[in-house]
>>> print(open('upload_38.cif').read())   # mmCIF, C-alpha atoms and all ligand atoms
data_target
loop_
_atom_site.label_atom_id
_atom_site.label_comp_id
_atom_site.auth_asym_id
_atom_site.auth_seq_id
_atom_site.Cartn_x
_atom_site.Cartn_y
_atom_site.Cartn_z
CA MET Q 20 -55.59 29.90 177.99
CA ASN Q 21 -56.75 33.29 179.25
CA ILE Q 22 -59.35 32.60 181.92
CA GLY Q 23 -60.94 36.04 181.82
CA SER Q 24 -64.51 36.28 180.55
CA VAL Q 25 -65.20 37.42 176.99
CA ARG Q 26 -64.78 41.19 176.55
CA GLY Q 27 -67.96 43.05 177.45
CA MET Q 28 -69.46 40.01 179.21
CA LYS Q 29 -69.33 39.70 182.96
CA ASP Q 30 -69.42 37.06 185.65
CA ILE Q 31 -71.98 38.00 188.25
CA LEU Q 32 -70.56 36.94 191.61
CA PRO Q 33 -71.91 36.83 195.14
CA PRO Q 34 -72.88 39.02 196.91
CA GLU Q 35 -73.85 40.92 193.70
CA SER Q 36 -75.73 37.89 192.43
CA GLY Q 37 -78.04 38.12 195.44
CA LYS Q 38 -79.05 41.65 194.42
CA TRP Q 39 -79.74 40.42 190.90
CA ALA Q 40 -82.01 37.64 192.10
CA ALA Q 41 -83.86 39.99 194.45
CA LEU Q 42 -84.34 42.63 191.76
CA GLU Q 43 -85.58 40.11 189.23
CA SER Q 44 -88.12 38.55 191.56
CA ALA Q 45 -89.25 41.99 192.76
CA TYR Q 46 -89.84 42.92 189.13
CA LEU Q 47 -91.78 39.79 188.23
CA ALA Q 48 -93.90 40.15 191.38
CA TYR Q 49 -94.59 43.82 190.67
CA ALA Q 50 -95.57 43.10 187.06
CA ALA Q 51 -97.82 40.26 188.26
CA ARG Q 52 -99.84 42.82 190.23
CA PHE Q 53 -100.71 44.40 186.87
CA GLY Q 54 -101.59 41.00 185.40
CA TYR Q 55 -98.33 40.36 183.52
CA ARG Q 56 -97.12 36.76 183.45
CA GLU Q 57 -93.62 35.65 182.64
CA ILE Q 58 -92.56 34.30 179.27
CA ARG Q 59 -89.15 32.74 178.57
CA THR Q 60 -88.04 32.59 174.95
CA PRO Q 61 -84.84 31.00 173.57
CA ILE Q 62 -81.58 32.96 173.44
CA LEU Q 63 -81.16 31.98 169.77
CA GLU Q 64 -83.54 33.04 167.05
CA LYS Q 65 -83.45 32.96 163.28
CA THR Q 66 -81.49 35.98 162.07
CA GLU Q 67 -84.37 36.96 159.84
CA LEU Q 68 -86.56 37.73 162.86
CA PHE Q 69 -84.42 40.64 163.96
CA ALA Q 70 -83.58 41.78 160.44
CA ARG Q 71 -87.30 42.20 159.82
CA ALA Q 72 -88.41 43.42 163.22
CA VAL Q 73 -85.62 45.66 164.45
CA GLY Q 74 -84.91 46.93 160.93
CA GLU Q 75 -82.15 46.27 158.37
CA THR Q 76 -80.76 49.78 158.65
CA THR Q 77 -80.59 50.06 162.42
CA ASP Q 78 -77.25 49.95 164.25
CA ILE Q 79 -78.32 46.78 166.00
CA VAL Q 80 -78.87 44.81 162.80
CA GLU Q 81 -76.16 46.49 160.75
CA LYS Q 82 -73.29 46.07 163.14
CA GLU Q 83 -74.14 44.76 166.59
CA MET Q 84 -75.62 41.29 166.27
CA TYR Q 85 -73.92 38.06 167.26
CA THR Q 86 -74.84 36.10 164.15
CA PHE Q 87 -73.45 32.73 163.03
CA THR Q 88 -74.26 29.83 160.79
CA ASP Q 89 -74.99 26.69 162.79
CA ARG Q 90 -74.02 23.15 161.84
CA SER Q 91 -77.10 22.70 159.70
CA GLY Q 92 -76.33 25.83 157.72
CA GLU Q 93 -79.00 28.05 159.26
CA SER Q 94 -78.22 31.67 160.14
CA LEU Q 95 -78.95 32.22 163.84
CA THR Q 96 -78.59 35.26 166.07
CA MET Q 97 -78.24 35.68 169.81
CA ARG Q 98 -81.16 37.90 170.73
CA PRO Q 99 -80.17 41.58 170.90
CA GLU Q 100 -83.52 42.54 172.44
CA GLY Q 101 -86.60 40.88 173.89
CA THR Q 102 -89.61 42.23 172.04
CA ALA Q 103 -89.26 40.53 168.66
CA PRO Q 104 -88.85 37.06 170.25
CA VAL Q 105 -91.90 37.62 172.47
CA VAL Q 106 -93.98 38.68 169.46
CA ARG Q 107 -92.79 35.62 167.55
CA ALA Q 108 -93.67 33.34 170.49
CA LEU Q 109 -97.09 34.94 170.80
CA LEU Q 110 -97.85 34.37 167.11
CA ALA Q 111 -96.48 30.82 167.20
CA ASN Q 112 -98.65 29.98 170.21
CA ARG Q 113 -101.76 31.91 169.33
CA LYS Q 114 -104.06 29.34 170.97
CA THR Q 115 -102.42 29.87 174.35
CA PHE Q 116 -103.13 33.59 174.04
CA ASP Q 117 -106.53 33.42 172.43
CA GLU Q 118 -107.97 36.08 174.63
CA PHE Q 119 -106.61 39.58 174.05
CA PRO Q 120 -105.32 41.68 175.67
CA ALA Q 121 -102.37 39.46 176.60
CA ARG Q 122 -99.87 40.69 179.16
CA LEU Q 123 -96.38 39.19 179.21
CA CYS Q 124 -93.17 40.05 181.02
CA TYR Q 125 -89.63 38.70 180.82
CA SER Q 126 -86.16 38.97 182.24
CA GLY Q 127 -82.92 37.74 180.75
CA PRO Q 128 -79.65 38.33 178.91
CA MET Q 129 -79.37 40.18 175.58
CA PHE Q 130 -76.33 40.35 173.29
CA ARG Q 131 -74.98 43.24 171.22
CA HIS Q 132 -71.49 43.68 169.83
CA GLU Q 133 -71.08 47.29 170.95
CA ARG Q 134 -68.00 49.07 172.28
CA PRO Q 135 -67.87 48.06 175.95
CA GLN Q 136 -67.88 51.02 178.36
CA LYS Q 137 -69.60 52.12 181.53
CA GLY Q 138 -73.26 51.13 181.20
CA ARG Q 139 -72.67 49.39 177.87
CA LEU Q 140 -71.86 45.70 177.70
CA ARG Q 141 -71.96 42.95 175.08
CA GLN Q 142 -73.97 40.65 177.28
CA PHE Q 143 -76.40 42.76 179.25
CA HIS Q 144 -79.76 42.09 180.84
CA GLN Q 145 -83.21 43.44 180.34
CA MET Q 146 -86.46 43.10 182.23
CA GLY Q 147 -89.43 43.97 180.09
CA ALA Q 148 -93.18 43.88 179.66
CA GLU Q 149 -95.40 43.71 176.59
CA LEU Q 150 -99.13 44.38 176.32
CA PHE Q 151 -100.74 42.88 173.21
CA GLY Q 152 -104.04 43.27 171.46
CA THR Q 153 -105.17 46.79 172.26
CA ASP Q 154 -104.43 50.12 170.66
CA SER Q 155 -106.12 52.04 173.42
CA PRO Q 156 -104.09 54.96 174.79
CA TYR Q 157 -104.92 53.61 178.26
CA ALA Q 158 -102.70 50.65 177.41
CA ASP Q 159 -99.85 53.12 176.85
CA ALA Q 160 -100.59 54.76 180.19
CA GLU Q 161 -100.73 51.36 181.92
CA ILE Q 162 -97.33 50.32 180.56
CA VAL Q 163 -95.74 53.62 181.58
CA ALA Q 164 -97.40 53.44 185.01
CA LEU Q 165 -96.06 49.92 185.54
CA LEU Q 166 -92.52 51.02 184.73
CA HIS Q 167 -92.79 54.24 186.74
CA GLY Q 168 -94.22 52.37 189.73
CA PHE Q 169 -91.51 49.73 189.65
CA LEU Q 170 -88.69 52.27 189.49
CA ARG Q 171 -90.21 53.97 192.52
CA GLU Q 172 -90.66 50.65 194.27
CA VAL Q 173 -86.91 49.97 194.04
CA GLY Q 174 -86.20 53.43 195.38
CA LEU Q 175 -84.85 55.05 192.25
CA SER Q 176 -85.30 58.78 192.48
CA GLY Q 177 -84.23 61.50 190.09
CA VAL Q 178 -85.34 59.65 186.95
CA SER Q 179 -87.37 61.66 184.53
CA LEU Q 180 -89.84 60.44 181.98
CA GLU Q 181 -89.62 61.71 178.42
CA ILE Q 182 -92.26 60.92 175.85
CA ASN Q 183 -92.83 61.41 172.16
CA SER Q 184 -95.03 60.18 169.35
CA LEU Q 185 -93.58 58.91 166.09
CA GLY Q 186 -96.83 58.87 164.20
CA ASP Q 187 -98.11 55.93 162.16
CA PRO Q 188 -97.96 54.81 158.52
CA ALA Q 189 -100.54 57.49 157.69
CA CYS Q 190 -98.48 60.44 158.85
CA ARG Q 191 -94.91 59.33 159.34
CA PRO Q 192 -93.95 59.48 155.63
CA LEU Q 193 -94.86 63.16 155.77
CA TYR Q 194 -92.46 63.70 158.62
CA GLN Q 195 -89.76 61.63 156.96
CA ARG Q 196 -89.96 63.85 153.90
CA GLU Q 197 -89.84 67.01 155.97
CA LEU Q 198 -86.89 65.72 157.99
CA SER Q 199 -85.06 64.58 154.86
CA GLY Q 200 -85.35 68.06 153.44
CA PHE Q 201 -84.02 69.56 156.63
CA LEU Q 202 -81.13 67.07 156.79
CA ALA Q 203 -80.16 67.77 153.19
CA SER Q 204 -79.46 71.35 154.26
CA ARG Q 205 -77.20 70.07 157.05
CA GLU Q 206 -75.50 67.37 155.01
CA ASP Q 207 -71.97 68.79 155.43
CA ARG Q 208 -72.23 68.70 159.24
CA LEU Q 209 -73.37 65.06 159.52
CA CYS Q 210 -71.08 62.08 160.22
CA ASP Q 211 -70.48 59.54 157.42
CA ASP Q 212 -73.00 57.12 158.91
CA CYS Q 213 -75.68 59.78 159.07
CA ARG Q 214 -75.11 60.86 155.45
CA ARG Q 215 -76.07 57.34 154.51
CA ARG Q 216 -78.88 57.19 157.10
CA ARG Q 217 -80.32 60.43 155.75
CA LEU Q 218 -81.24 58.63 152.54
CA GLN Q 219 -82.08 55.20 153.92
CA ASN Q 220 -83.80 55.97 157.19
CA PRO Q 221 -83.76 59.68 158.10
CA LEU Q 222 -85.25 59.23 161.59
CA ARG Q 223 -82.14 57.28 162.58
CA VAL Q 224 -80.11 60.50 162.29
CA LEU Q 225 -81.92 61.92 165.33
CA ASP Q 226 -80.70 58.92 167.35
CA CYS Q 227 -77.02 59.45 166.46
CA LYS Q 228 -74.90 59.99 169.55
CA SER Q 229 -72.06 61.86 167.79
CA GLU Q 230 -71.81 65.42 169.09
CA GLY Q 231 -71.59 66.91 165.58
CA CYS Q 232 -74.86 65.31 164.50
CA VAL Q 233 -76.60 66.28 167.72
CA GLN Q 234 -75.55 69.91 167.17
CA ALA Q 235 -76.46 69.87 163.49
CA THR Q 236 -80.00 68.73 164.27
CA VAL Q 237 -80.94 70.74 167.37
CA ASP Q 238 -83.45 72.68 165.32
CA ALA Q 239 -84.81 69.73 163.33
CA PRO Q 240 -88.57 69.96 162.74
CA PRO Q 241 -90.49 68.30 165.62
CA VAL Q 242 -92.39 65.16 164.72
CA LEU Q 243 -95.39 66.20 166.81
CA SER Q 244 -96.26 68.97 164.37
CA THR Q 245 -96.88 66.54 161.50
CA LEU Q 246 -99.01 63.98 163.35
CA CYS Q 247 -102.35 63.06 161.77
CA ASP Q 248 -105.52 63.65 163.79
CA ALA Q 249 -105.79 60.03 164.97
CA CYS Q 250 -102.20 60.06 166.26
CA LYS Q 251 -102.67 63.47 167.86
CA ASP Q 252 -105.78 62.25 169.68
CA HIS Q 253 -104.02 59.15 170.86
CA PHE Q 254 -101.07 61.13 172.18
CA GLY Q 255 -103.37 63.63 173.86
CA THR Q 256 -105.20 60.89 175.74
CA VAL Q 257 -101.93 59.28 176.84
CA GLU Q 258 -100.71 62.61 178.20
CA ALA Q 259 -103.99 63.27 179.97
CA ALA Q 260 -103.97 59.80 181.54
CA LEU Q 261 -100.41 60.28 182.81
CA ARG Q 262 -101.38 63.63 184.32
CA ALA Q 263 -104.39 62.03 185.99
CA LEU Q 264 -102.09 59.39 187.49
CA GLY Q 265 -99.75 62.08 188.76
CA ILE Q 266 -96.83 60.79 186.69
CA PRO Q 267 -94.64 63.73 185.69
CA PHE Q 268 -93.24 63.74 182.15
CA SER Q 269 -91.82 66.02 179.52
CA ARG Q 270 -91.99 65.89 175.75
CA ASN Q 271 -88.82 65.08 173.85
CA PRO Q 272 -89.50 65.58 170.15
CA ARG Q 273 -86.08 64.11 169.23
CA MET Q 274 -86.66 60.72 170.80
CA VAL Q 275 -86.88 58.16 168.00
CA ARG Q 276 -85.42 55.08 169.76
CA GLY Q 277 -82.90 52.72 168.19
CA LEU Q 278 -85.36 50.26 166.69
CA ASP Q 279 -87.52 50.69 163.62
CA TYR Q 280 -90.66 48.98 164.86
CA TYR Q 281 -91.96 51.81 167.02
CA ARG Q 282 -95.14 53.68 166.17
CA ARG Q 283 -96.94 56.43 167.99
CA THR Q 284 -95.95 56.60 171.67
CA THR Q 285 -92.28 56.20 172.63
CA PHE Q 286 -90.82 56.89 176.06
CA GLU Q 287 -87.62 56.76 178.07
CA PHE Q 288 -86.74 57.08 181.71
CA VAL Q 289 -83.50 59.04 181.84
CA ILE Q 290 -81.14 60.23 184.54
CA PRO Q 291 -80.01 63.77 183.82
CA GLY Q 292 -76.24 64.16 183.67
CA MET Q 293 -75.30 60.56 182.99
CA GLY Q 294 -73.90 61.16 179.50
CA ALA Q 295 -74.83 59.02 176.53
CA GLN Q 296 -75.68 56.02 178.72
CA ASN Q 297 -78.39 57.90 180.58
CA THR Q 298 -81.39 55.79 179.60
CA VAL Q 299 -82.40 53.30 182.28
CA ALA Q 300 -85.51 52.00 180.61
CA ALA Q 301 -87.30 52.66 177.38
CA GLY Q 302 -90.17 51.50 175.25
CA GLY Q 303 -92.96 52.33 172.93
CA ARG Q 304 -95.87 51.18 170.83
CA TYR Q 305 -95.27 48.77 167.96
CA ASP Q 306 -98.60 48.12 166.26
CA GLY Q 307 -97.12 46.86 162.99
CA LEU Q 308 -94.55 44.43 164.35
CA ALA Q 309 -96.65 41.26 164.31
CA GLU Q 310 -97.29 41.68 160.59
CA MET Q 311 -93.65 42.57 159.94
CA VAL Q 312 -92.49 39.25 161.39
CA GLY Q 313 -94.97 37.31 159.31
CA GLY Q 314 -98.15 37.22 161.40
CA LYS Q 315 -101.41 37.18 159.48
CA GLU Q 316 -103.25 39.55 161.78
CA ARG Q 317 -102.60 43.00 163.08
CA VAL Q 318 -101.73 42.87 166.77
CA PRO Q 319 -101.40 46.34 168.26
CA ALA Q 320 -98.96 46.31 171.17
CA ILE Q 321 -96.80 48.36 173.48
CA GLY Q 322 -93.95 47.49 175.82
CA PHE Q 323 -90.73 48.52 177.54
CA ALA Q 324 -87.36 47.15 178.58
CA ILE Q 325 -85.31 48.07 181.63
CA GLY Q 326 -81.50 47.90 181.42
CA VAL Q 327 -80.71 45.86 184.53
CA GLU Q 328 -77.00 46.81 184.76
CA ARG Q 329 -77.87 50.49 184.53
CA LEU Q 330 -80.64 50.16 187.06
CA LEU Q 331 -78.35 48.43 189.57
CA MET Q 332 -75.64 51.03 188.93
CA LEU Q 333 -78.07 53.84 189.66
CA MET Q 334 -79.51 52.15 192.71
CA GLU Q 335 -75.96 51.97 194.06
CA GLU Q 336 -75.08 55.55 193.09
CA SER Q 337 -78.25 56.96 194.59
CA GLY Q 338 -76.42 56.24 197.85
CA GLU Q 339 -79.31 54.62 199.60
CA PRO Q 340 -78.25 51.08 200.35
CA GLY Q 341 -81.88 50.09 199.89
CA ALA Q 342 -83.72 49.74 203.15
CA ALA Q 343 -83.86 46.17 204.43
CA ALA Q 344 -86.83 46.83 206.69
CA ASP Q 345 -89.87 49.06 206.91
CA VAL Q 346 -90.39 48.59 210.64
CA PHE Q 347 -87.92 47.75 213.39
CA LEU Q 348 -89.12 46.43 216.75
CA VAL Q 349 -87.11 47.51 219.80
CA THR Q 350 -87.58 45.66 223.11
CA SER Q 351 -86.57 47.12 226.47
CA GLY Q 352 -86.07 43.85 228.29
CA LYS Q 353 -86.26 40.18 227.37
CA ARG Q 354 -89.82 39.81 228.58
CA PHE Q 355 -90.98 41.60 225.41
CA LEU Q 356 -89.17 39.24 223.01
CA ASP Q 357 -92.13 36.87 222.61
CA GLU Q 358 -94.57 39.57 221.76
CA ALA Q 359 -92.19 41.47 219.46
CA PHE Q 360 -91.46 38.24 217.60
CA ARG Q 361 -95.19 37.65 217.06
CA TRP Q 362 -95.52 41.21 215.71
CA LYS Q 363 -92.56 40.74 213.40
CA MET Q 364 -93.97 37.55 211.89
CA GLY Q 365 -97.47 39.00 211.73
CA LEU Q 366 -96.24 42.10 209.91
CA ILE Q 367 -94.18 40.07 207.43
CA GLU Q 368 -97.28 38.07 206.68
CA LYS Q 369 -99.03 41.36 205.88
CA GLY Q 370 -96.30 42.22 203.37
CA VAL Q 371 -94.41 44.59 205.66
CA ARG Q 372 -90.67 44.11 206.03
CA ALA Q 373 -90.24 43.93 209.78
CA ASP Q 374 -87.12 43.16 211.77
CA MET Q 375 -85.91 43.01 215.37
CA ASP Q 376 -82.94 42.01 217.46
CA TYR Q 377 -83.11 38.52 218.98
CA GLU Q 378 -80.00 38.91 221.11
CA GLY Q 379 -81.37 41.12 223.87
CA ARG Q 380 -78.86 43.90 223.23
CA SER Q 381 -79.22 47.30 224.90
CA VAL Q 382 -81.95 49.62 223.68
CA LYS Q 383 -79.24 51.93 222.34
CA ALA Q 384 -77.64 49.09 220.33
CA GLN Q 385 -81.07 48.10 219.00
CA PHE Q 386 -81.68 51.65 217.81
CA ARG Q 387 -78.33 51.58 216.01
CA ARG Q 388 -79.45 48.44 214.19
CA ALA Q 389 -82.81 50.02 213.44
CA ASP Q 390 -80.97 52.94 211.87
CA ARG Q 391 -78.86 50.67 209.69
CA SER Q 392 -81.91 48.67 208.59
CA GLY Q 393 -83.34 51.82 207.00
CA ALA Q 394 -86.69 51.30 208.72
CA GLY Q 395 -88.90 54.39 208.69
CA VAL Q 396 -90.68 53.46 211.90
CA VAL Q 397 -89.45 51.95 215.15
CA VAL Q 398 -91.80 50.32 217.64
CA VAL Q 399 -90.66 50.43 221.26
CA PHE Q 400 -91.97 47.89 223.74
CA GLY Q 401 -91.30 49.41 227.18
CA ASP Q 402 -92.54 48.91 230.75
CA ALA Q 403 -94.37 52.22 231.19
CA GLU Q 404 -96.39 51.95 227.95
CA ASP Q 405 -96.96 48.26 228.54
CA SER Q 406 -98.78 49.01 231.77
CA ARG Q 407 -101.19 51.10 229.68
CA GLY Q 408 -101.54 48.42 226.95
CA ALA Q 409 -99.66 50.58 224.48
CA VAL Q 410 -96.41 50.85 222.53
CA VAL Q 411 -94.41 53.83 221.33
CA LEU Q 412 -94.06 54.48 217.59
CA ARG Q 413 -91.08 56.59 216.58
CA ASP Q 414 -90.88 58.14 213.14
CA MET Q 415 -87.20 57.83 212.32
CA ALA Q 416 -87.08 60.72 209.85
CA SER Q 417 -88.66 63.35 212.12
CA GLY Q 418 -87.86 61.78 215.51
CA LYS Q 419 -91.50 62.27 216.50
CA GLN Q 420 -92.78 59.75 219.09
CA GLU Q 421 -96.32 58.73 219.87
CA GLU Q 422 -97.82 56.37 222.39
CA ILE Q 423 -100.54 54.26 220.80
CA PRO Q 424 -102.76 51.41 222.02
CA ARG Q 425 -101.29 48.09 220.87
CA ASP Q 426 -104.11 46.92 218.54
CA GLU Q 427 -104.30 50.24 216.81
CA ALA Q 428 -100.51 50.39 216.43
CA PHE Q 429 -100.36 46.96 214.81
CA LEU Q 430 -103.11 47.80 212.34
CA ARG Q 431 -101.40 51.02 211.42
CA LEU Q 432 -98.08 49.24 210.82
CA ALA Q 433 -99.72 46.51 208.78
CA THR Q 434 -100.66 49.06 206.12
CA ILE Q 435 -97.45 51.07 206.25
CA ARG Q 436 -96.16 50.07 202.82
CA LYS Q 437 -99.31 51.09 201.02
CA GLU Q 438 -99.23 54.52 202.60
CA GLU Q 439 -95.74 55.34 201.33
P1 LIG G 501 -79.01 53.35 174.13
O1 LIG G 501 -79.62 54.56 173.53
O2 LIG G 501 -78.50 53.58 175.52
O3 LIG G 501 -78.02 52.68 173.23
P2 LIG G 501 -80.97 51.59 173.13
O4 LIG G 501 -81.78 52.54 172.38
O5 LIG G 501 -80.01 50.75 172.39
O6 LIG G 501 -80.20 52.35 174.31
P3 LIG G 501 -82.97 49.67 173.90
O7 LIG G 501 -82.58 48.75 172.82
O8 LIG G 501 -84.27 50.32 173.84
O9 LIG G 501 -81.87 50.77 174.11
O10 LIG G 501 -82.80 48.94 175.30
C1 LIG G 501 -83.45 49.35 176.48
C2 LIG G 501 -82.48 49.54 177.62
O11 LIG G 501 -81.52 48.49 177.69
C3 LIG G 501 -81.61 50.77 177.47
O12 LIG G 501 -82.29 51.89 177.88
C4 LIG G 501 -80.45 50.46 178.37
O13 LIG G 501 -80.78 50.71 179.73
C5 LIG G 501 -80.27 48.98 178.17
N1 LIG G 501 -79.19 48.71 177.22
C6 LIG G 501 -79.23 48.78 175.86
N2 LIG G 501 -78.04 48.42 175.33
C7 LIG G 501 -77.23 48.10 176.38
C8 LIG G 501 -75.88 47.64 176.49
N3 LIG G 501 -75.14 47.41 175.41
N4 LIG G 501 -75.38 47.41 177.72
C9 LIG G 501 -76.13 47.64 178.82
N5 LIG G 501 -77.41 48.06 178.78
C10 LIG G 501 -77.96 48.29 177.59
MG MG G 502 -78.10 51.30 171.67
#
>>> encode(input="upload_38.cif", output="structure tokens")
Amino acid sequence: MNIGSVRGMKDILPPESGKWAALESAYLAYAARFGYREIRTPILEKTELFARAVGETTDIVEKEMYTFTDRSGESLTMRPEGTAPVVRALLANRKTFDEFPARLCYSGPMFRHERPQKGRLRQFHQMGAELFGTDSPYADAEIVALLHGFLREVGLSGVSLEINSLGDPACRPLYQRELSGFLASREDRLCDDCRRRRLQNPLRVLDCKSEGCVQATVDAPPVLSTLCDACKDHFGTVEAALRALGIPFSRNPRMVRGLDYYRRTTFEFVIPGMGAQNTVAAGGRYDGLAEMVGGKERVPAIGFAIGVERLLMLMEESGEPGAAADVFLVTSGKRFLDEAFRWKMGLIEKGVRADMDYEGRSVKAQFRRADRSGAGVVVVFGDAEDSRGAVVLRDMASGKQEEIPRDEAFLRLATIRKEE
């Protein structure tokens, strides 16, 4: 037999696998700071869950799902996304989550039968978060801030945040009608799929990646102009909260996302110039989803999912190998090893990534290692400073050096990560 893996599905081998594990635990730890706790749902769900939640006329449900009939004749599907299963699990275990808001996060494989290409696989991985039980715009800002903060934490730069509002059941039909009218006038320029979508689900046309459809709809009416007052207010508060948090964003009135359950706020973190696979992470509000999958109550909610393969790809391309240390301790002579070791362990305990050389190499060799570690600050233990009860701190970016009393230096280093 052919021993290659299934097309579009990859083995994750060492040393890559180490990066995966580190990224996943960094994510879960970061989300935990915001109060999100992990949930693990099964890979298989009833097909009906996704048909209802994601939407019968979305690409995912129409042509991308791994669906089969199992031995007892039930139609099952390998989850193509994480939100619908988490909503189902929440509703099925309501007693566990009796107190709203509930904050849940997850990480795991998803399956879609798409055309494999760079940044697009058939088994791929997502890390996500969902916030249930509040329709406050601050919840939207919290979710975006969590995602923005995590992307910064892993050193991803050059990502930009785009946001939009899709309205709610009060105002979206208005927009759908307006868009339908517009699309009718462009009918001849749309692809076959979009001609059908125009009638079934006009918003989907704005998500089409074919160049012809993108061109034909550049001047489509913007959804923001038809929002009702409640949706406008909500969006305004989200924008104001993001500004207050210093999170830069731009509006993208074309962003409709590939799933039907979104309402009001939607957002994407994109890398300019990465082609059609330029979205690293995306999400939005889905206030009606719980009822759509059969829940008896309305559970307003918002969440996001990060594409892990794309994130890792970008982290690699951004050229920074990802610093292994924040602080590197350089010793000029073995007599400083004891003390430097105590500092290293003390700093690690404070949450600072500290490293040193145990081998007693030359100061020059230690600086080379410090450089490779990516540490922003180097501490030098030397004879002259030692006689004054001090150490030298060197800022690696500017090359600036400062002699500082030992206690003060340690305290300053212990808070170095929070200052960044
Ligand atoms: P795209 O517009 O890129 O097709 P999508 O709208 O299908 O994305 P979501 O379903 O919202 O995306 O998934 C969130 C993230 O998961 C995407 O932004 C992307 O990073 C990642 N993702 C989605 N599909 C794939 C895939 N087939 N392979 C790898 N990553 C994917
Ligand atoms: Mg897609």
>>> atom_distance(input="upload_38.cif", atom1="atom CA of Val346 of chain Q", atom2="atom CA of Met415 of chain Q")
9.9 Å
>>> atom_distance(input="upload_38.cif", atom1="atom CA of Gly302 of chain Q", atom2="atom CA of Arg276 of chain Q")
8.1 Å
>>> residues_around(input="upload_38.cif", residues="segment 423-434 of chain Q", least_positions_apart="5", cutoff="6 Å", atoms="all atoms listed in the file", output="count of residues only")
5
>>> residues_near_ligand(input="upload_38.cif", ligand="ligand MG 502 (chain G)", cutoff="12 Å", atoms="all atoms listed in the file", output="PyMOL selection string")
chain Q and resi 73+77-80+82-84+99-100+129-135+138-141+143+223+226-228+275-278+295-301+326
>>> residues_near_point(input="upload_38.cif", point="(-86.4, 46.1, 220.2)", cutoff="12 Å", atoms="all atoms listed in the file", output="PDB file with C-alpha atoms, in the frame of the given file")
ATOM      1  CA  VAL Q 346     -90.390  48.590 210.640  1.00  0.00           C
ATOM      2  CA  PHE Q 347     -87.920  47.750 213.390  1.00  0.00           C
ATOM      3  CA  LEU Q 348     -89.120  46.430 216.750  1.00  0.00           C
ATOM      4  CA  VAL Q 349     -87.110  47.510 219.800  1.00  0.00           C
ATOM      5  CA  THR Q 350     -87.580  45.660 223.110  1.00  0.00           C
ATOM      6  CA  SER Q 351     -86.570  47.120 226.470  1.00  0.00           C
ATOM      7  CA  GLY Q 352     -86.070  43.850 228.290  1.00  0.00           C
ATOM      8  CA  LYS Q 353     -86.260  40.180 227.370  1.00  0.00           C
ATOM      9  CA  ARG Q 354     -89.820  39.810 228.580  1.00  0.00           C
ATOM     10  CA  PHE Q 355     -90.980  41.600 225.410  1.00  0.00           C
ATOM     11  CA  LEU Q 356     -89.170  39.240 223.010  1.00  0.00           C
ATOM     12  CA  ASP Q 357     -92.130  36.870 222.610  1.00  0.00           C
ATOM     13  CA  GLU Q 358     -94.570  39.570 221.760  1.00  0.00           C
ATOM     14  CA  ALA Q 359     -92.190  41.470 219.460  1.00  0.00           C
ATOM     15  CA  PHE Q 360     -91.460  38.240 217.600  1.00  0.00           C
ATOM     16  CA  TRP Q 362     -95.520  41.210 215.710  1.00  0.00           C
ATOM     17  CA  LYS Q 363     -92.560  40.740 213.400  1.00  0.00           C
ATOM     18  CA  ALA Q 373     -90.240  43.930 209.780  1.00  0.00           C
ATOM     19  CA  ASP Q 374     -87.120  43.160 211.770  1.00  0.00           C
ATOM     20  CA  MET Q 375     -85.910  43.010 215.370  1.00  0.00           C
ATOM     21  CA  ASP Q 376     -82.940  42.010 217.460  1.00  0.00           C
ATOM     22  CA  TYR Q 377     -83.110  38.520 218.980  1.00  0.00           C
ATOM     23  CA  GLU Q 378     -80.000  38.910 221.110  1.00  0.00           C
ATOM     24  CA  GLY Q 379     -81.370  41.120 223.870  1.00  0.00           C
ATOM     25  CA  ARG Q 380     -78.860  43.900 223.230  1.00  0.00           C
ATOM     26  CA  SER Q 381     -79.220  47.300 224.900  1.00  0.00           C
ATOM     27  CA  VAL Q 382     -81.950  49.620 223.680  1.00  0.00           C
ATOM     28  CA  LYS Q 383     -79.240  51.930 222.340  1.00  0.00           C
ATOM     29  CA  ALA Q 384     -77.640  49.090 220.330  1.00  0.00           C
ATOM     30  CA  GLN Q 385     -81.070  48.100 219.000  1.00  0.00           C
ATOM     31  CA  PHE Q 386     -81.680  51.650 217.810  1.00  0.00           C
ATOM     32  CA  ARG Q 387     -78.330  51.580 216.010  1.00  0.00           C
ATOM     33  CA  ARG Q 388     -79.450  48.440 214.190  1.00  0.00           C
ATOM     34  CA  ALA Q 389     -82.810  50.020 213.440  1.00  0.00           C
ATOM     35  CA  VAL Q 396     -90.680  53.460 211.900  1.00  0.00           C
ATOM     36  CA  VAL Q 397     -89.450  51.950 215.150  1.00  0.00           C
ATOM     37  CA  VAL Q 398     -91.800  50.320 217.640  1.00  0.00           C
ATOM     38  CA  VAL Q 399     -90.660  50.430 221.260  1.00  0.00           C
ATOM     39  CA  PHE Q 400     -91.970  47.890 223.740  1.00  0.00           C
ATOM     40  CA  GLY Q 401     -91.300  49.410 227.180  1.00  0.00           C
ATOM     41  CA  VAL Q 410     -96.410  50.850 222.530  1.00  0.00           C
ATOM     42  CA  VAL Q 411     -94.410  53.830 221.330  1.00  0.00           C
ATOM     43  CA  LEU Q 412     -94.060  54.480 217.590  1.00  0.00           C
TER      44      LEU Q 412
END
>>> atom_distance(input="upload_38.cif", atom1="atom CA of Lys137 of chain Q", atom2="atom CA of Arg270 of chain Q")
26.9 Å
>>> residues_around(input="upload_38.cif", residues="segment 157-169 of chain Q", least_positions_apart="4", cutoff="10 Å", atoms="only C-alpha atoms", output="PyMOL selection string")
chain Q and resi 45-46+49-50+52-53+120+147-153+173-175+178-180+182+253-254+256-262+264-267+283-288+300-304+320-325
